[in-house]
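So this block is protein32.txt, compact mmCIF, C-alpha atoms:
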# COMPACT_ATOMS: atom_id res chain seq x y z
CA MET A 1 226.87 108.18 104.63
CA GLY A 2 225.31 104.83 105.49
CA ASP A 3 222.75 105.93 108.11
CA GLN A 4 221.79 109.12 106.26
CA PRO A 5 218.79 108.57 103.94
CA LYS A 6 219.84 108.70 100.31
CA GLN A 7 218.44 111.53 98.24
CA ALA A 8 218.93 112.94 94.75
CA THR A 9 218.11 116.39 93.41
CA ILE A 10 217.83 117.15 89.71
CA MET A 11 217.37 120.69 88.46
CA VAL A 12 215.96 121.18 84.94
CA VAL A 13 216.80 124.56 83.40
CA SER A 14 216.67 123.65 79.72
CA ALA A 15 213.62 123.36 77.47
CA ASP A 16 215.29 121.07 74.90
CA MET A 17 213.67 117.68 74.58
CA ASP A 18 216.91 115.67 74.54
CA ARG A 19 218.14 117.29 77.75
CA VAL A 20 214.82 116.93 79.55
CA ILE A 21 214.63 113.26 78.51
CA ALA A 22 218.08 112.74 80.04
CA ALA A 23 216.95 114.44 83.25
CA PHE A 24 213.82 112.28 83.52
CA LEU A 25 215.72 109.08 82.67
CA ILE A 26 218.13 109.78 85.53
CA ALA A 27 215.29 110.72 87.89
CA THR A 28 213.19 107.62 87.17
CA GLY A 29 216.31 105.49 87.43
CA TYR A 30 217.12 106.91 90.87
CA ALA A 31 213.52 106.51 92.04
CA ALA A 32 213.41 102.92 90.75
CA MET A 33 216.54 102.12 92.77
CA GLY A 34 214.64 103.23 95.86
CA ILE A 35 216.27 106.62 96.35
CA LYS A 36 214.15 109.65 97.22
CA THR A 37 214.27 111.95 94.21
CA LYS A 38 213.32 115.59 93.93
CA MET A 39 213.09 117.43 90.63
CA TRP A 40 213.32 121.18 90.27
CA PHE A 41 212.10 123.25 87.33
CA THR A 42 213.18 126.80 86.63
CA ILE A 43 212.22 129.34 83.95
CA LEU A 44 212.04 127.42 80.65
CA GLY A 45 212.56 124.06 82.35
CA ALA A 46 208.90 124.06 83.41
CA ASN A 47 207.80 123.91 79.75
CA CYS A 48 207.91 120.12 79.81
CA LEU A 49 205.25 119.99 82.57
CA LYS A 50 202.81 122.35 80.85
CA ARG A 51 199.69 120.97 79.28
CA ARG A 52 199.65 121.74 75.56
CA ARG A 53 197.08 124.44 74.95
CA SER A 54 196.11 126.29 71.78
CA ILE A 55 196.88 129.97 71.27
CA PHE A 56 193.16 130.78 71.65
CA HIS A 57 193.07 129.14 75.07
CA ILE A 58 196.09 131.17 76.18
CA LEU A 59 194.66 134.43 74.83
CA PHE A 60 190.99 134.08 75.77
CA GLY A 61 190.80 131.22 78.28
CA ARG A 62 190.43 131.54 82.02
CA LYS A 63 193.72 132.55 83.57
CA ASN A 64 195.66 131.35 86.61
CA GLN A 65 193.21 129.85 89.03
CA GLY A 66 195.43 127.78 91.27
CA ASP A 67 198.40 129.80 92.45
CA SER A 68 197.37 133.34 93.26
CA GLN A 69 199.39 133.35 96.50
CA TYR A 70 202.62 132.97 94.51
CA ARG A 71 201.86 135.78 92.06
CA ARG A 72 201.83 139.53 92.22
CA THR A 73 198.97 140.13 89.80
CA GLU A 74 199.22 143.92 89.94
CA THR A 75 202.49 143.80 87.94
CA ASP A 76 201.14 141.51 85.19
CA SER A 77 201.36 142.98 81.70
CA VAL A 78 200.22 142.15 78.17
CA VAL A 79 203.80 141.19 77.25
CA GLN A 80 203.45 138.24 79.60
CA THR A 81 200.55 136.87 77.52
CA MET A 82 202.55 137.45 74.33
CA VAL A 83 205.47 135.45 75.74
CA GLN A 84 203.06 132.68 76.75
CA THR A 85 201.69 132.35 73.22
CA LEU A 86 205.21 131.93 71.87
CA ASN A 87 206.29 129.64 74.72
CA GLN A 88 203.57 127.01 74.56
CA GLY A 89 205.28 123.97 76.05
CA GLY A 90 203.88 120.46 75.95
CA ALA A 91 206.16 117.53 76.70
CA ASN A 92 206.17 115.88 73.27
CA HIS A 93 206.36 119.22 71.43
CA LEU A 94 209.62 120.52 72.89
CA PRO A 95 212.35 121.36 70.35
CA LEU A 96 215.61 119.44 70.03
CA SER A 97 218.95 121.15 70.63
CA ARG A 98 220.31 119.65 67.38
CA VAL A 99 218.55 118.49 64.16
CA ASN A 100 215.33 120.31 65.09
CA LEU A 101 214.47 120.64 61.34
CA PHE A 102 211.97 123.47 62.01
CA GLY A 103 209.78 121.29 64.24
CA ALA A 104 210.01 117.97 62.37
CA GLY A 105 212.95 116.76 64.50
CA PRO A 106 210.93 116.02 67.68
CA LYS A 107 208.37 114.03 65.66
CA ILE A 108 211.13 111.89 64.07
CA PHE A 109 212.74 111.48 67.51
CA ASN A 110 209.45 110.36 69.08
CA TYR A 111 208.93 107.90 66.21
CA LEU A 112 212.38 106.39 66.84
CA LEU A 113 211.70 106.10 70.59
CA ARG A 114 208.30 104.45 70.06
CA ARG A 115 209.77 102.00 67.54
CA LYS A 116 212.39 100.91 70.09
CA ASN A 117 209.71 100.71 72.84
CA ILE A 118 211.53 103.38 74.87
CA PRO A 119 209.14 105.66 76.81
CA THR A 120 208.77 109.12 75.29
CA LEU A 121 209.13 112.24 77.43
CA GLU A 122 205.43 112.38 78.31
CA ASP A 123 205.41 108.70 79.37
CA LEU A 124 208.54 109.34 81.47
CA ILE A 125 206.84 112.25 83.24
CA TYR A 126 203.80 110.09 84.09
CA LEU A 127 206.17 107.32 85.29
CA ALA A 128 208.01 109.84 87.45
CA GLU A 129 204.70 110.89 89.00
CA GLU A 130 203.84 107.24 89.73
CA LEU A 131 207.24 106.73 91.37
CA ASP A 132 206.55 109.55 93.86
CA ILE A 133 209.14 111.96 92.54
CA SER A 134 208.35 115.45 93.81
CA PHE A 135 208.14 118.28 91.28
CA THR A 136 209.10 121.67 92.66
CA ILE A 137 208.69 124.74 90.50
CA CYS A 138 210.61 127.93 91.06
CA GLN A 139 208.46 130.88 92.14
CA VAL A 140 210.13 133.20 89.60
CA CYS A 141 208.79 131.08 86.77
CA VAL A 142 205.25 131.11 88.16
CA ASP A 143 205.30 134.87 88.60
CA ALA A 144 207.28 136.17 85.63
CA LEU A 145 206.20 133.70 82.95
CA GLY A 146 202.63 133.37 84.23
CA LEU A 147 202.73 129.60 84.71
CA ASP A 148 199.48 128.10 85.99
CA THR A 149 200.29 125.28 88.41
CA ALA A 150 196.70 124.00 88.17
CA ASP A 151 197.20 123.37 84.44
CA LEU A 152 200.16 120.96 84.50
CA ILE A 153 200.19 117.35 83.28
CA VAL A 154 201.26 116.26 86.77
CA SER A 155 199.16 116.90 89.86
CA LYS A 156 200.77 114.86 92.63
CA ASN A 157 203.66 116.31 94.69
CA VAL A 158 203.70 119.64 92.85
CA GLU A 159 205.00 122.54 94.92
CA VAL A 160 206.08 126.12 94.34
CA LYS A 161 209.16 127.03 96.37
CA GLY A 162 212.05 129.46 96.44
CA VAL A 163 215.79 129.03 96.21
CA SER A 164 216.24 128.45 99.95
CA GLN A 165 214.37 125.14 99.68
CA TYR A 166 216.66 124.16 96.78
CA VAL A 167 219.70 124.87 98.94
CA LYS A 168 218.26 122.66 101.70
CA ASP A 169 217.41 119.87 99.24
CA SER A 170 220.72 119.90 97.39
CA ILE A 171 222.83 120.13 100.56
CA SER A 172 221.23 116.96 101.93
CA SER A 173 221.51 115.10 98.59
CA GLN A 174 224.26 112.77 97.52
CA TYR A 175 223.55 113.55 93.88
CA ASN A 176 222.74 116.94 92.43
CA ALA A 177 222.54 117.67 88.72
CA VAL A 178 221.65 120.80 86.79
CA ILE A 179 220.50 119.89 83.29
CA MET B 180 214.02 76.20 90.35
CA GLN B 181 212.08 77.33 93.45
CA LYS B 182 208.48 78.40 93.26
CA ALA B 183 208.10 82.16 92.85
CA ASP B 184 205.54 84.25 94.74
CA LYS B 185 205.23 86.64 91.81
CA GLU B 186 206.29 86.46 88.19
CA ILE B 187 206.81 89.40 85.86
CA ASP B 188 207.88 89.59 82.24
CA VAL B 189 209.56 92.73 80.94
CA CYS B 190 210.59 91.39 77.52
CA GLY B 191 210.58 94.03 74.80
CA SER B 192 210.90 97.04 77.08
CA CYS B 193 213.97 99.23 77.22
CA CYS B 194 215.98 100.82 80.01
CA PRO B 195 214.74 102.17 82.46
CA MET B 196 211.36 100.38 82.15
CA PRO B 197 212.55 96.98 83.51
CA LEU B 198 213.89 98.62 86.66
CA ILE B 199 210.68 100.55 87.24
CA THR B 200 208.54 97.46 86.70
CA VAL B 201 210.69 95.45 89.11
CA ARG B 202 210.50 98.23 91.71
CA LYS B 203 206.69 98.31 91.45
CA ALA B 204 206.48 94.52 91.74
CA VAL B 205 208.79 94.50 94.77
CA ALA B 206 206.57 97.05 96.54
CA GLY B 207 203.76 94.48 96.71
CA LEU B 208 205.89 91.71 98.22
CA LYS B 209 206.99 90.96 101.78
CA SER B 210 210.50 90.19 103.01
CA GLY B 211 211.54 86.60 102.20
CA GLN B 212 209.24 86.21 99.21
CA ILE B 213 210.59 85.36 95.79
CA LEU B 214 210.17 87.33 92.58
CA ARG B 215 210.81 85.88 89.13
CA VAL B 216 211.75 88.41 86.44
CA ALA B 217 212.26 87.71 82.75
CA GLY B 218 213.73 90.30 80.40
CA ASP B 219 215.65 90.65 77.17
CA ASP B 220 217.07 94.17 77.37
CA PRO B 221 220.87 94.11 76.75
CA VAL B 222 221.53 95.76 80.15
CA PHE B 223 218.67 94.03 81.99
CA GLU B 224 220.77 91.60 84.04
CA GLU B 225 223.31 94.22 85.10
CA SER B 226 220.66 96.73 86.14
CA VAL B 227 218.68 94.21 88.20
CA ARG B 228 221.94 93.12 89.89
CA ASP B 229 222.69 96.74 90.79
CA LEU B 230 219.15 97.20 92.13
CA CYS B 231 219.53 94.11 94.32
CA GLU B 232 222.92 95.30 95.56
CA ILE B 233 221.59 98.72 96.60
CA SER B 234 218.34 97.44 98.13
CA GLY B 235 219.89 94.38 99.81
CA TYR B 236 217.96 91.69 97.91
CA LYS B 237 219.44 88.26 97.19
CA ILE B 238 219.73 86.81 93.70
CA ILE B 239 219.01 83.08 93.96
CA GLU B 240 219.26 81.97 90.39
CA VAL B 241 220.00 83.37 86.93
CA GLU B 242 219.10 81.50 83.79
CA ASN B 243 220.14 82.70 80.33
CA ILE B 244 218.09 81.57 77.36
CA GLY B 245 219.59 83.23 74.29
CA PRO B 246 219.25 86.99 74.73
CA LYS B 247 216.69 86.47 77.49
CA ALA B 248 217.59 86.31 81.17
CA VAL B 249 215.35 84.88 83.88
CA MET B 250 216.26 85.95 87.41
CA MET B 251 214.96 84.77 90.77
CA ILE B 252 215.21 87.43 93.48
CA GLN B 253 214.59 86.88 97.18
CA LEU B 254 213.60 89.98 99.13
Can you give me the file's structure in the form of structure tokens?
Amino acid sequence: MGDQPKQATIMVVSADMDRVIAAFLIATGYAAMGIKTKMWFTILGANCLKRRRSIFHILFGRKNQGDSQYRRTETDSVVQTMVQTLNQGGANHLPLSRVNLFGAGPKIFNYLLRRKNIPTLEDLIYLAEELDISFTICQVCVDALGLDTADLIVSKNVEVKGVSQYVKDSISSQYNAVI
Amino acid sequence: MQKADKEIDVCGSCCPMPLITVRKAVAGLKSGQILRVAGDDPVFEESVRDLCEISGYKIIEVENIGPKAVMMIQL
């Protein structure tokens, strides 16, 4: 193992704030220790990277400029837009898996984190970007959920790939987590 | 205590911020130079020791002042 370059792969499948915070804490920790880290986002896991937009922007704004080669636009339907309005995303607006309190839980959680001077999820994502962690988004999520890769809070090292790339990444990693 | 080429203070920040700050500071230094880090996180000393072990840096001196630890690292 010594001569092989060390690498870590972390797959985010959950949209709960506590789980995504854990994933980003591990990722930034690995990157800070000098290990090449790759993060993967599937289906609802990509919610943490979305820029928070209002319902009006989703309904009437300009749609999907950046990633037309990964989408089959002829099969888009109005249900897709309806799902998008319900599935808004935004790193500091994600729900908690416990004590969500109808949306007040994340605000209390963020208050606690700020009081202890621990980075919140959005700060962790910006830190991860600074530490050259690559963000790879599953193509299914871009196509089926209508994710716009030009409208994410990260812009560096963002890619859209399929499962074969994940197999290659995870097989050459010493650490692989699905959170 | 030897003279440090760079000094950073991470007092008041929590895990994993000290590690990230140290990693960024190390990126601007050459091999053989000395970095002085001060921190007061409860796991600060352990985490910097682990970082040095993995990256092959040498810890020259550790000074504990109350909850605060001051570490000298040679790259």
Long-range neighbours of segment 223-232 of chain B as a PyMOL selection string, 12 Å cut-off, only C-alpha atoms, 4 positions minimum in chain:
(chain A and resi 29-35) or (chain B and resi 188-202+205+214-219+236-243+246-254)
Set the cut-off to 12 Å and count all atoms listed in the file: what are the residues of chain A that reach chain B? Output as JSON, numbers by chain.
{"A": [2, 6, 21, 22, 24, 25, 26, 27, 28, 29, 30, 31, 32, 33, 34, 35, 113, 114, 115, 116, 117, 118, 119, 120, 123, 124, 127, 128, 130, 131, 132]}
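Separating atom CA of Asn176 of chain A from atom CA of Ala15 of chain A is a distance of 18.7 Å.
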Contacts of segment 90-94 of chain A at 9 Å (all atoms listed in the file; same-chain gap of 6+ positions) as a VMD selection string:
chain A and resid 15 to 18 47 to 53 103 106 to 107 110 120 to 122 125 153
